file model-v8.txt (compact mmCIF, C-alpha atoms)
# COMPACT_ATOMS: atom_id res chain seq x y z
CA MET G 1 204.28 -40.77 100.91
CA ASN G 2 207.09 -43.35 100.61
CA VAL G 3 210.13 -43.65 98.35
CA HIS G 4 208.22 -45.80 95.87
CA ALA G 5 205.47 -43.20 95.70
CA VAL G 6 208.06 -40.49 95.02
CA ARG G 7 209.54 -42.53 92.17
CA GLY G 8 206.08 -43.34 90.88
CA ASP G 9 205.33 -39.64 90.82
CA ALA G 10 208.53 -39.18 88.82
CA VAL G 11 207.18 -41.64 86.26
CA ARG G 12 203.90 -39.71 86.15
CA ARG G 13 205.78 -36.47 85.57
CA HIS G 14 207.79 -38.17 82.83
CA LYS G 15 204.62 -39.27 81.14
CA GLU G 16 203.24 -35.73 81.27
CA THR G 17 206.52 -34.40 79.87
CA VAL G 18 206.48 -36.86 76.98
CA ILE G 19 202.92 -35.86 76.12
CA THR G 20 204.03 -32.22 76.02
CA ALA G 21 207.09 -33.10 73.97
CA THR G 22 205.11 -35.00 71.35
CA SER G 23 202.28 -32.50 71.14
CA LYS G 24 201.13 -31.63 67.63
CA SER G 25 199.68 -28.25 68.56
CA PRO G 26 200.69 -25.28 66.38
CA ALA G 27 202.60 -23.79 69.30
CA ALA G 28 204.60 -26.98 69.75
CA ARG G 29 205.34 -27.28 66.05
CA LYS G 30 206.90 -23.81 66.18
CA ARG G 31 209.32 -24.84 68.89
CA PRO G 32 211.17 -28.00 67.74
CA VAL G 33 214.19 -27.30 69.93
CA ILE G 34 212.03 -26.79 73.00
CA ARG G 35 210.14 -30.03 72.26
CA ARG G 36 213.48 -31.85 72.19
CA THR G 37 214.40 -30.17 75.46
CA LEU G 38 211.25 -31.44 77.14
CA ALA G 39 211.71 -34.88 75.64
CA ALA G 40 215.25 -35.08 76.98
CA VAL G 41 214.06 -34.09 80.44
CA GLY G 42 211.54 -36.91 80.23
CA CYS G 43 214.27 -39.32 79.20
CA THR G 44 216.35 -38.20 82.17
CA THR G 45 213.45 -38.85 84.53
CA VAL G 46 212.90 -42.37 83.25
CA LEU G 47 216.57 -43.22 83.56
CA ALA G 48 216.63 -41.87 87.09
CA ALA G 49 213.42 -43.60 88.13
CA GLY G 50 214.56 -47.03 86.98
CA THR G 51 218.17 -47.23 88.03
CA ALA G 52 217.65 -50.17 90.39
CA ALA G 53 216.60 -52.41 87.52
CA CYS G 54 219.96 -52.67 85.73
CA GLY G 55 221.22 -55.95 84.38
CA THR G 56 224.95 -56.69 84.29
CA VAL G 57 227.26 -56.69 87.29
CA GLU G 58 228.77 -53.36 86.21
CA ASN G 59 225.32 -51.92 85.59
CA LEU G 60 224.04 -53.13 88.93
CA THR G 61 226.91 -51.50 90.82
CA ALA G 62 226.61 -48.17 89.00
CA GLY G 63 222.82 -48.25 89.03
CA GLN G 64 222.66 -49.00 92.74
CA LYS G 65 224.84 -45.98 93.51
CA VAL G 66 222.53 -43.68 91.60
CA ASP G 67 219.49 -45.37 93.13
CA GLN G 68 220.86 -44.85 96.64
CA ALA G 69 221.65 -41.23 95.80
CA PHE G 70 218.02 -40.65 94.84
CA GLU G 71 216.94 -42.30 98.07
CA GLY G 72 219.22 -39.83 99.84
CA LEU G 73 217.24 -36.97 98.30
CA GLY G 74 214.09 -38.43 99.84
CA GLU G 75 215.70 -38.39 103.27
CA LYS G 76 216.15 -34.61 103.16
CA LYS G 77 213.68 -32.14 104.65
CA SER G 78 214.88 -29.27 102.46
CA LEU G 79 215.71 -29.66 98.78
CA ALA G 80 216.14 -27.56 95.66
CA PHE G 81 216.84 -28.51 92.08
CA GLU G 82 217.85 -25.99 89.43
CA PHE G 83 217.46 -26.40 85.66
CA GLY G 84 219.59 -24.52 83.15
CA LEU G 85 221.35 -24.79 79.80
CA ASP G 86 225.14 -24.75 79.96
CA ALA G 87 225.55 -23.38 76.44
CA LYS G 88 226.06 -20.20 74.45
CA PRO G 89 223.11 -18.59 72.62
CA SER G 90 224.88 -19.30 69.32
CA ALA G 91 224.72 -23.05 69.98
CA LEU G 92 220.96 -22.93 70.49
CA THR G 93 220.51 -20.73 67.42
CA LYS G 94 222.61 -23.13 65.37
CA LEU G 95 220.50 -26.11 66.46
CA ALA G 96 217.33 -24.20 65.70
CA GLY G 97 218.60 -23.33 62.23
CA ALA G 98 216.82 -26.32 60.71
CA ALA G 99 213.43 -24.82 61.53
CA GLU G 100 211.02 -24.02 58.73
CA PRO G 101 211.10 -20.48 57.31
CA GLY G 102 209.33 -18.15 59.71
CA ASP G 103 209.96 -20.47 62.67
CA GLU G 104 213.53 -19.41 63.32
CA MET G 105 214.42 -18.76 66.95
CA PRO G 106 214.88 -15.03 67.66
CA PRO G 107 218.33 -14.19 69.10
CA GLU G 108 216.69 -12.62 72.18
CA LEU G 109 214.86 -15.88 72.94
CA ALA G 110 218.02 -17.93 72.46
CA GLU G 111 219.83 -15.66 74.91
CA LEU G 112 216.99 -15.97 77.43
CA PHE G 113 216.90 -19.78 77.26
CA THR G 114 220.66 -20.14 77.67
CA GLN G 115 220.94 -17.66 80.54
CA ALA G 116 217.76 -18.43 82.45
CA LYS G 117 217.71 -20.73 85.47
CA VAL G 118 214.60 -22.36 86.91
CA LYS G 119 214.94 -23.29 90.57
CA VAL G 120 212.36 -25.35 92.46
CA SER G 121 212.58 -25.41 96.28
CA VAL G 122 210.60 -27.51 98.75
CA GLU G 123 210.71 -27.74 102.53
CA SER G 124 208.93 -30.22 104.80
CA ARG G 125 208.60 -30.98 108.50
CA LYS G 126 209.46 -34.63 107.73
CA PRO G 127 211.88 -36.32 105.33
CA LEU G 128 210.49 -35.67 101.84
CA ALA G 129 210.05 -39.39 101.09
CA ASP G 130 207.72 -39.67 104.10
CA SER G 131 205.91 -36.37 103.61
CA GLY G 132 202.32 -35.84 102.69
CA GLU G 133 200.81 -32.58 101.47
CA LYS G 134 200.06 -31.46 105.06
CA ASP G 135 203.73 -31.92 106.02
CA LEU G 136 205.03 -29.42 103.48
CA VAL G 137 206.10 -26.09 104.91
CA GLY G 138 206.28 -24.47 101.50
CA THR G 139 207.18 -24.81 97.82
CA GLY G 140 208.71 -22.21 95.55
CA VAL G 141 209.71 -21.68 91.93
CA ALA G 142 212.06 -18.91 90.81
CA ILE G 143 213.07 -18.02 87.24
CA SER G 144 216.29 -16.03 87.10
CA GLY G 145 218.22 -14.25 84.38
CA PRO G 146 221.77 -12.91 84.36
CA ASP G 147 220.69 -9.84 86.37
CA GLY G 148 218.60 -11.56 89.02
CA VAL G 149 215.11 -12.99 89.55
CA LEU G 150 212.68 -12.47 86.67
CA ALA G 151 209.68 -14.08 88.34
CA GLU G 152 208.98 -16.10 91.46
CA TYR G 153 206.11 -17.82 93.19
CA ARG G 154 205.74 -19.50 96.56
CA LEU G 155 203.04 -21.88 97.75
CA VAL G 156 202.73 -21.46 101.53
CA GLY G 157 199.70 -22.55 103.54
CA ASN G 158 196.48 -21.63 101.74
CA TYR G 159 198.06 -18.98 99.54
CA THR G 160 200.16 -18.71 96.40
CA TYR G 161 202.43 -15.66 96.37
CA TYR G 162 204.09 -14.28 93.25
CA ARG G 163 206.10 -11.35 92.01
CA ALA G 164 207.92 -10.42 88.80
CA ASP G 165 210.37 -7.91 87.41
CA MET G 166 208.09 -7.19 84.49
CA LYS G 167 210.45 -4.74 82.78
CA ALA G 168 213.23 -7.36 82.82
CA VAL G 169 210.75 -9.98 81.58
CA GLY G 170 209.67 -7.69 78.74
CA ASP G 171 213.27 -6.94 77.77
CA ALA G 172 214.16 -10.65 77.80
CA MET G 173 211.12 -11.67 75.76
CA GLY G 174 211.44 -8.75 73.36
CA PHE G 175 208.13 -7.01 74.06
CA PRO G 176 207.37 -3.72 75.86
CA VAL G 177 205.65 -3.79 79.24
CA PRO G 178 203.46 -0.84 80.26
CA SER G 179 204.28 1.07 83.40
CA ALA G 180 201.89 1.03 86.34
CA ASP G 181 200.59 4.47 85.24
CA GLU G 182 199.82 3.16 81.75
CA LEU G 183 197.46 0.41 82.83
CA PRO G 184 194.10 0.57 81.06
CA LYS G 185 190.95 1.24 83.04
CA GLY G 186 189.73 -1.85 84.83
CA GLU G 187 193.20 -3.41 85.22
CA GLU G 188 194.46 -1.24 88.07
CA GLN G 189 194.78 -4.38 90.23
CA PHE G 190 197.92 -5.28 88.28
CA LYS G 191 199.76 -2.18 89.46
CA GLN G 192 201.45 -4.08 92.29
CA VAL G 193 202.71 -6.74 89.86
CA LEU G 194 204.12 -4.21 87.40
CA GLU G 195 205.93 -2.55 90.28
CA GLY G 196 207.56 -5.87 91.19
CA LYS G 197 205.75 -6.23 94.51
CA TRP G 198 204.44 -9.45 96.04
CA VAL G 199 200.80 -10.36 95.45
CA LYS G 200 198.87 -13.40 96.65
CA VAL G 201 195.84 -15.48 95.74
CA ASP G 202 193.81 -17.83 97.95
CA ASN G 203 194.20 -21.40 96.70
CA ARG G 204 190.72 -22.31 97.93
CA GLU G 205 189.30 -19.59 95.70
CA LEU G 206 191.38 -20.98 92.83
CA ASP G 207 189.82 -24.40 93.40
CA ARG G 208 186.32 -22.92 93.34
CA ALA G 209 187.11 -20.90 90.22
CA ALA G 210 188.45 -24.03 88.51
CA LYS G 211 185.30 -25.96 89.42
CA ASP G 212 183.11 -23.16 88.09
CA ALA G 213 185.12 -23.05 84.86
CA SER G 214 184.76 -26.81 84.37
CA GLY G 215 181.03 -26.70 85.06
CA SER G 216 181.19 -29.63 87.46
CA ASP G 217 181.98 -30.49 91.06
CA LYS G 218 185.42 -31.73 89.97
CA ALA G 219 187.76 -29.26 88.42
CA ASP G 220 189.44 -30.56 85.30
CA GLY G 221 192.87 -31.18 86.73
CA GLY G 222 192.56 -28.48 89.39
CA SER G 223 194.70 -25.42 89.61
CA ALA G 224 198.42 -25.69 89.07
CA ALA G 225 199.12 -23.59 92.10
CA ALA G 226 196.91 -25.66 94.39
CA GLY G 227 198.44 -28.88 93.13
CA GLY G 228 195.29 -30.41 91.63
CA SER G 229 193.51 -33.49 92.99
CA ASP G 230 193.51 -35.78 89.97
CA GLU G 231 196.54 -37.95 90.78
CA ILE G 232 197.62 -41.54 90.27
CA ASP G 233 197.01 -43.67 93.36
CA THR G 234 199.99 -45.25 95.11
CA LYS G 235 199.14 -48.82 94.02
CA THR G 236 199.02 -47.80 90.36
CA GLN G 237 202.23 -45.81 90.77
CA GLN G 238 204.02 -48.92 92.00
CA LYS G 239 202.70 -50.98 89.07
CA ILE G 240 203.84 -48.31 86.61
CA LEU G 241 207.26 -48.12 88.27
CA LYS G 242 207.68 -51.89 88.04
CA ALA G 243 206.71 -51.81 84.36
CA VAL G 244 209.09 -48.94 83.60
CA ARG G 245 211.94 -50.67 85.40
CA SER G 246 211.55 -53.70 83.17
CA VAL G 247 212.05 -51.42 80.14
CA VAL G 248 215.06 -49.76 81.72
CA ALA G 249 216.59 -53.14 82.49
CA ARG G 250 216.30 -54.05 78.80
CA GLU G 251 217.16 -50.74 77.14
CA VAL G 252 219.55 -48.83 79.44
CA THR G 253 223.19 -49.44 80.26
CA PHE G 254 224.97 -47.84 83.23
CA SER G 255 228.71 -47.45 83.62
CA ASN G 256 231.01 -45.93 86.21
CA LYS G 257 233.35 -43.36 84.62
CA GLY G 258 235.39 -42.61 87.72
CA GLY G 259 235.94 -39.01 88.72
CA SER G 260 238.11 -36.60 90.70
CA ASP G 261 238.02 -34.37 93.80
CA GLY G 262 235.57 -36.72 95.49
CA VAL G 263 233.05 -36.52 92.63
CA GLU G 264 232.03 -39.79 90.99
CA ARG G 265 230.58 -39.83 87.48
CA ILE G 266 228.07 -42.45 86.29
CA VAL G 267 226.67 -42.45 82.76
CA ALA G 268 223.40 -44.04 81.63
CA LYS G 269 222.89 -44.62 77.88
CA ALA G 270 219.87 -45.67 75.85
CA SER G 271 218.26 -45.32 72.46
CA PHE G 272 215.79 -42.49 72.98
CA ARG G 273 213.15 -43.88 70.61
CA ASP G 274 213.42 -47.46 71.89
CA LEU G 275 213.25 -46.31 75.50
CA LEU G 276 210.33 -43.98 74.86
CA THR G 277 208.44 -46.61 72.85
CA GLY G 278 209.01 -49.24 75.52
CA VAL G 279 207.79 -46.95 78.29
CA MET G 280 204.67 -45.94 76.36
CA ASP G 281 203.85 -49.59 75.63
CA LYS G 282 203.99 -50.27 79.36
CA LEU G 283 201.85 -47.23 80.17
CA ARG G 284 199.00 -47.97 77.74
CA PRO G 285 197.38 -50.69 79.94
CA PHE G 286 197.13 -48.02 82.67
CA ALA G 287 195.48 -45.42 80.40
CA ASP G 288 192.19 -45.50 82.35
CA ASP G 289 194.04 -44.91 85.63
CA LEU G 290 195.95 -41.85 84.40
CA PRO G 291 194.80 -38.29 85.21
CA THR G 292 191.77 -36.91 83.38
CA GLY G 293 192.61 -35.52 79.95
CA THR G 294 195.82 -37.52 79.58
CA GLU G 295 196.55 -38.63 76.03
CA LEU G 296 199.50 -40.92 75.41
CA PRO G 297 201.46 -40.36 72.18
CA THR G 298 200.43 -42.52 69.24
CA ASP G 299 202.65 -45.00 67.42
CA LYS G 300 203.07 -42.40 64.68
CA ASP G 301 204.21 -39.84 67.25
CA LEU G 302 206.77 -42.30 68.58
CA LYS G 303 208.12 -43.01 65.10
CA ASP G 304 208.89 -39.29 64.85
CA ALA G 305 211.00 -39.41 68.03
CA PRO G 306 214.77 -39.22 67.40
CA ASP G 307 216.30 -42.66 66.85
CA LYS G 308 219.53 -41.76 68.61
CA LYS G 309 221.54 -42.71 71.65
CA VAL G 310 221.12 -40.40 74.63
CA ALA G 311 223.61 -40.29 77.51
CA VAL G 312 222.64 -38.99 80.95
CA ASP G 313 225.54 -38.03 83.21
CA PHE G 314 225.06 -38.35 86.99
CA SER G 315 227.52 -36.69 89.42
CA LEU G 316 227.77 -38.00 93.00
CA LYS G 317 229.81 -36.52 95.85
CA ASN G 318 230.20 -38.61 98.99
CA GLY G 319 227.25 -40.63 97.75
CA ASP G 320 224.99 -37.57 97.31
CA LEU G 321 223.51 -36.71 93.92
CA THR G 322 224.69 -33.23 93.05
CA ARG G 323 224.22 -32.91 89.30
CA ILE G 324 222.56 -34.46 86.24
CA SER G 325 223.35 -33.40 82.70
CA VAL G 326 222.30 -34.45 79.20
CA ASP G 327 223.41 -33.02 75.86
CA LEU G 328 220.22 -32.06 74.02
CA ALA G 329 222.14 -31.73 70.77
CA ALA G 330 222.17 -35.54 70.64
CA LEU G 331 218.47 -35.39 69.75
CA ALA G 332 218.94 -33.00 66.82
CA GLU G 333 218.81 -34.30 63.25
CA ASP G 334 222.00 -32.39 62.54
CA ALA G 335 223.82 -31.04 65.58
CA LYS G 336 226.29 -29.18 63.34
CA GLY G 337 228.97 -29.65 65.96
CA ALA G 338 226.99 -27.78 68.61
CA ARG G 339 226.57 -28.94 72.21
CA LEU G 340 223.58 -28.01 74.35
CA PRO G 341 223.94 -29.51 77.84
CA LEU G 342 220.86 -29.36 80.04
CA VAL G 343 222.05 -29.35 83.66
CA ILE G 344 220.08 -30.11 86.83
CA LYS G 345 221.77 -29.21 90.12
CA PHE G 346 220.65 -30.27 93.60
CA GLY G 347 221.07 -28.35 96.86
CA GLU G 348 219.30 -26.75 99.80
CA ALA G 349 215.98 -24.96 99.35
CA ASP G 350 215.89 -21.17 99.04
CA ASP G 351 213.73 -19.03 101.32
CA ILE G 352 210.12 -20.09 100.75
CA SER G 353 208.45 -18.33 103.67
CA ALA G 354 205.30 -16.26 103.12
CA PRO G 355 206.35 -12.73 102.05
CA SER G 356 204.99 -9.96 104.26
CA GLY G 357 202.80 -7.20 102.86
CA ALA G 358 201.59 -9.15 99.79
CA THR G 359 198.50 -7.69 98.12
CA LYS G 360 195.60 -10.12 97.71
CA MET G 361 194.24 -10.62 94.19
CA PRO G 362 190.95 -12.26 93.14
CA ALA G 363 191.31 -15.85 91.94
CA ASP G 364 189.76 -15.06 88.56
CA GLU G 365 192.62 -12.63 87.89
CA PHE G 366 195.35 -15.19 88.59
CA GLY G 367 195.75 -16.06 84.90
CA GLY G 368 195.66 -12.48 83.77
CA PRO G 369 198.42 -10.37 82.16
CA GLY G 370 199.90 -9.61 85.56
CA ASN G 371 200.90 -13.22 86.20
CA PRO G 372 204.01 -14.19 84.22
CA PHE G 373 203.62 -17.84 85.24
CA THR G 374 200.41 -18.21 83.28
CA SER G 375 201.06 -15.72 80.48
CA GLY G 376 203.98 -14.54 78.36
CA LEU G 377 207.03 -15.70 80.28
CA LEU G 378 206.38 -19.43 80.41
CA SER G 379 204.48 -19.74 77.12
CA GLY G 380 207.83 -19.86 75.32
CA PHE G 381 208.88 -22.93 77.30

call {"tool": "encode", "arguments": {"input": "model-v8.txt", "output": "structure tokens"}}
result
Amino acid sequence: MNVHAVRGDAVRRHKETVITATSKSPAARKRPVIRRTLAAVGCTTVLAAGTAACGTVENLTAGQKVDQAFEGLGEKKSLAFEFGLDAKPSALTKLAGAAEPGDEMPPELAELFTQAKVKVSVESRKPLADSGEKDLVGTGVAISGPDGVLAEYRLVGNYTYYRADMKAVGDAMGFPVPSADELPKGEEQFKQVLEGKWVKVDNRELDRAAKDASGSDKADGGSAAAGGSDEIDTKTQQKILKAVRSVVAREVTFSNKGGSDGVERIVAKASFRDLLTGVMDKLRPFADDLPTGTELPTDKDLKDAPDKKVAVDFSLKNGDLTRISVDLAALAEDAKGARLPLVIKFGEADDISAPSGATKMPADEFGGPGNPFTSGLLSGF
């Protein structure tokens, strides 16, 4: 894997994010604020992936600094990035106030979204930009609330490990969780999960289960935990990156805003709809090369995207990228004076070693009620 492949993968993830953000499913229609959140994350990714393609002298200088900072991330062997909203629950509730009757955001959910942090950690034997799948020591995702970790999973070797504080999850989501003694007959295997203990599932069994579910030799997209095998090849990634950079060069402006205490601030600005439309136009010729099941948003979908300027704020310290932020309220039809900054912080990976004493679960139970990553907790996101 090289730096270009890493950036190409960022473009692929952006494309997947945009598809999620423009989804017309009933669940998506009920979460307009969350759709804007995902869309803004996608916008951030595009801006980050194309920084080297800036136009003016000022843009080139600012863009190069951000570009070099992203290259610096690829030189690390251990990396973590944490997502969170730097806002009060009232700000999110205010922005969600324009929802249709019956679709209002519950106060408990607003509190969860504004207090939760999602941290992704990865560790490799080689610099990440040069790492292949076999070089990775482990990958982990942890979702935390104000009182600690709500749920966590780690991908180490051939196993995915996960645990959850199900009572805290239930309290945060506003639904009761049964105790281990209240489990119905036939679901006793979830006792360990309800007690907050580590469980594990064999990724090879997940692959086989996914193939069986798809009814073919190729699983439809593979299992999320195992990483899936339906990916964009490196050559296509580079073509997509080049196409996206041409859009960024035309639509995005970068400027250096100075800073203090050794922290430099660079801001990238673009019209969200123009940038999104331009990127999708460049992606359409590659539609046959994209992962199975991928559907790009239609022209009508793009017309519904906010026609507003979005600013992405990059913070660099000693040349290292430490923070990215974007105010999601900029995408609201009427922000009502509210601010909703989405913040991404970069640092060292947390512990992602294989937990000892984890109880093995069958692969066909991985998506069951005991796994918060495939059930209630993440469905709201």

call {"tool": "atom_distance", "arguments": {"input": "model-v8.txt", "atom1": "CA of Lys360 in chain G", "atom2": "CA of Val199 in chain G"}}
result
5.7 Å

call {"tool": "residues_around", "arguments": {"input": "model-v8.txt", "residues": "range 179-185 of chain G", "least_positions_apart": "5", "cutoff": "9 Å", "atoms": "all atoms listed in the file", "output": "list of chain:residue names"}}
result
G:Lys167, G:Phe190, G:Lys191, G:Gln192, G:Val193, G:Leu194, G:Glu195

call {"tool": "atom_distance", "arguments": {"input": "model-v8.txt", "atom1": "CA of Ser78 in chain G", "atom2": "CA of Asp147 in chain G"}}
result
25.9 Å

call {"tool": "closest_residue", "arguments": {"input": "model-v8.txt", "among": "G:Tyr153, G:Lys119, G:Asn158, G:Leu321", "to": "Asp207 in chain G", "atoms": "only C-alpha atoms"}}
result
G:Asn158

call {"tool": "atom_distance", "arguments": {"input": "model-v8.txt", "atom1": "CA of Ile240 in chain G", "atom2": "CA of Leu128 in chain G"}}
result
20.9 Å

call {"tool": "residues_around", "arguments": {"input": "model-v8.txt", "residues": "range 303-310 of chain G", "least_positions_apart": "4", "cutoff": "7 Å", "atoms": "all atoms listed in the file", "output": "PyMOL selection string"}}
result
chain G and resi 269-273+299+330-331

call {"tool": "closest_residue", "arguments": {"input": "model-v8.txt", "among": "G:Ala354, G:Leu342, G:Ala329, G:Ala287", "to": "Glu82 in chain G", "atoms": "only C-alpha atoms"}}
result
G:Leu342

call {"tool": "residues_around", "arguments": {"input": "model-v8.txt", "residues": "Thr114 in chain G", "least_positions_apart": "3", "cutoff": "8 Å", "atoms": "all atoms listed in the file", "output": "ChimeraX atom specification"}}
result
/G:84-89,92,110-111

call {"tool": "residues_near_point", "arguments": {"input": "model-v8.txt", "point": "(210.9, -37.6, 104.2)", "cutoff": "9 Å", "atoms": "only C-alpha atoms", "output": "list in words"}}
result
Met1, Asn2, Val3, Leu73, Gly74, Glu75, Lys76, Lys77, Ser124, Arg125, Lys126, Pro127, Leu128, Ala129, Asp130, Ser131 and Gly132 of chain G

call {"tool": "build_atoms", "arguments": {"input": "model-v8.txt", "residues": "range 203-211 of chain G", "atoms": "all heavy atoms", "output": "compact mmCIF listing (two decimals), in the coordinates of the input"}}
result
# COMPACT_ATOMS: atom_id res chain seq x y z
N ASN G 203 194.30 -20.16 97.47
CA ASN G 203 194.20 -21.40 96.70
C ASN G 203 192.80 -22.00 96.75
O ASN G 203 192.37 -22.67 95.81
CB ASN G 203 195.22 -22.42 97.21
CG ASN G 203 196.64 -21.98 96.97
OD1 ASN G 203 196.93 -21.29 96.00
ND2 ASN G 203 197.54 -22.34 97.87
N ARG G 204 192.08 -21.78 97.85
CA ARG G 204 190.72 -22.31 97.93
C ARG G 204 189.82 -21.60 96.92
O ARG G 204 188.93 -22.23 96.33
CB ARG G 204 190.20 -22.13 99.36
CG ARG G 204 190.94 -22.99 100.39
CD ARG G 204 190.73 -22.50 101.81
NE ARG G 204 191.32 -21.18 102.01
CZ ARG G 204 191.42 -20.58 103.20
NH1 ARG G 204 190.98 -21.20 104.28
NH2 ARG G 204 191.96 -19.37 103.30
N GLU G 205 190.06 -20.31 96.72
CA GLU G 205 189.30 -19.59 95.70
C GLU G 205 189.68 -20.07 94.30
O GLU G 205 188.83 -20.12 93.40
CB GLU G 205 189.56 -18.09 95.83
CG GLU G 205 189.02 -17.48 97.11
CD GLU G 205 189.31 -16.00 97.19
OE1 GLU G 205 189.77 -15.42 96.19
OE2 GLU G 205 189.06 -15.41 98.26
N LEU G 206 190.96 -20.43 94.12
CA LEU G 206 191.38 -20.98 92.83
C LEU G 206 190.66 -22.28 92.55
O LEU G 206 190.23 -22.54 91.41
CB LEU G 206 192.89 -21.21 92.83
CG LEU G 206 193.80 -20.00 92.62
CD1 LEU G 206 195.25 -20.41 92.75
CD2 LEU G 206 193.55 -19.37 91.26
N ASP G 207 190.53 -23.13 93.57
CA ASP G 207 189.82 -24.40 93.40
C ASP G 207 188.37 -24.15 92.99
O ASP G 207 187.84 -24.79 92.08
CB ASP G 207 189.85 -25.21 94.70
CG ASP G 207 191.19 -25.89 94.91
OD1 ASP G 207 191.92 -26.06 93.92
OD2 ASP G 207 191.50 -26.24 96.06
N ARG G 208 187.72 -23.21 93.67
CA ARG G 208 186.32 -22.92 93.34
C ARG G 208 186.20 -22.35 91.93
O ARG G 208 185.28 -22.70 91.18
CB ARG G 208 185.74 -21.94 94.37
CG ARG G 208 185.48 -22.57 95.72
CD ARG G 208 184.63 -21.65 96.60
NE ARG G 208 185.37 -20.48 97.04
CZ ARG G 208 186.08 -20.42 98.16
NH1 ARG G 208 186.14 -21.48 98.95
NH2 ARG G 208 186.72 -19.32 98.49
N ALA G 209 187.14 -21.48 91.57
CA ALA G 209 187.11 -20.90 90.22
C ALA G 209 187.31 -21.98 89.16
O ALA G 209 186.67 -21.96 88.11
CB ALA G 209 188.17 -19.82 90.10
N ALA G 210 188.20 -22.95 89.46
CA ALA G 210 188.45 -24.03 88.51
C ALA G 210 187.21 -24.91 88.35
O ALA G 210 186.88 -25.35 87.25
CB ALA G 210 189.64 -24.86 88.96
N LYS G 211 186.53 -25.16 89.48
CA LYS G 211 185.30 -25.96 89.42
C LYS G 211 184.23 -25.25 88.62
O LYS G 211 183.53 -25.85 87.81
CB LYS G 211 184.80 -26.26 90.83
CG LYS G 211 185.68 -27.23 91.61
CD LYS G 211 185.18 -27.40 93.03
CE LYS G 211 186.09 -28.33 93.82
NZ LYS G 211 185.65 -28.48 95.23
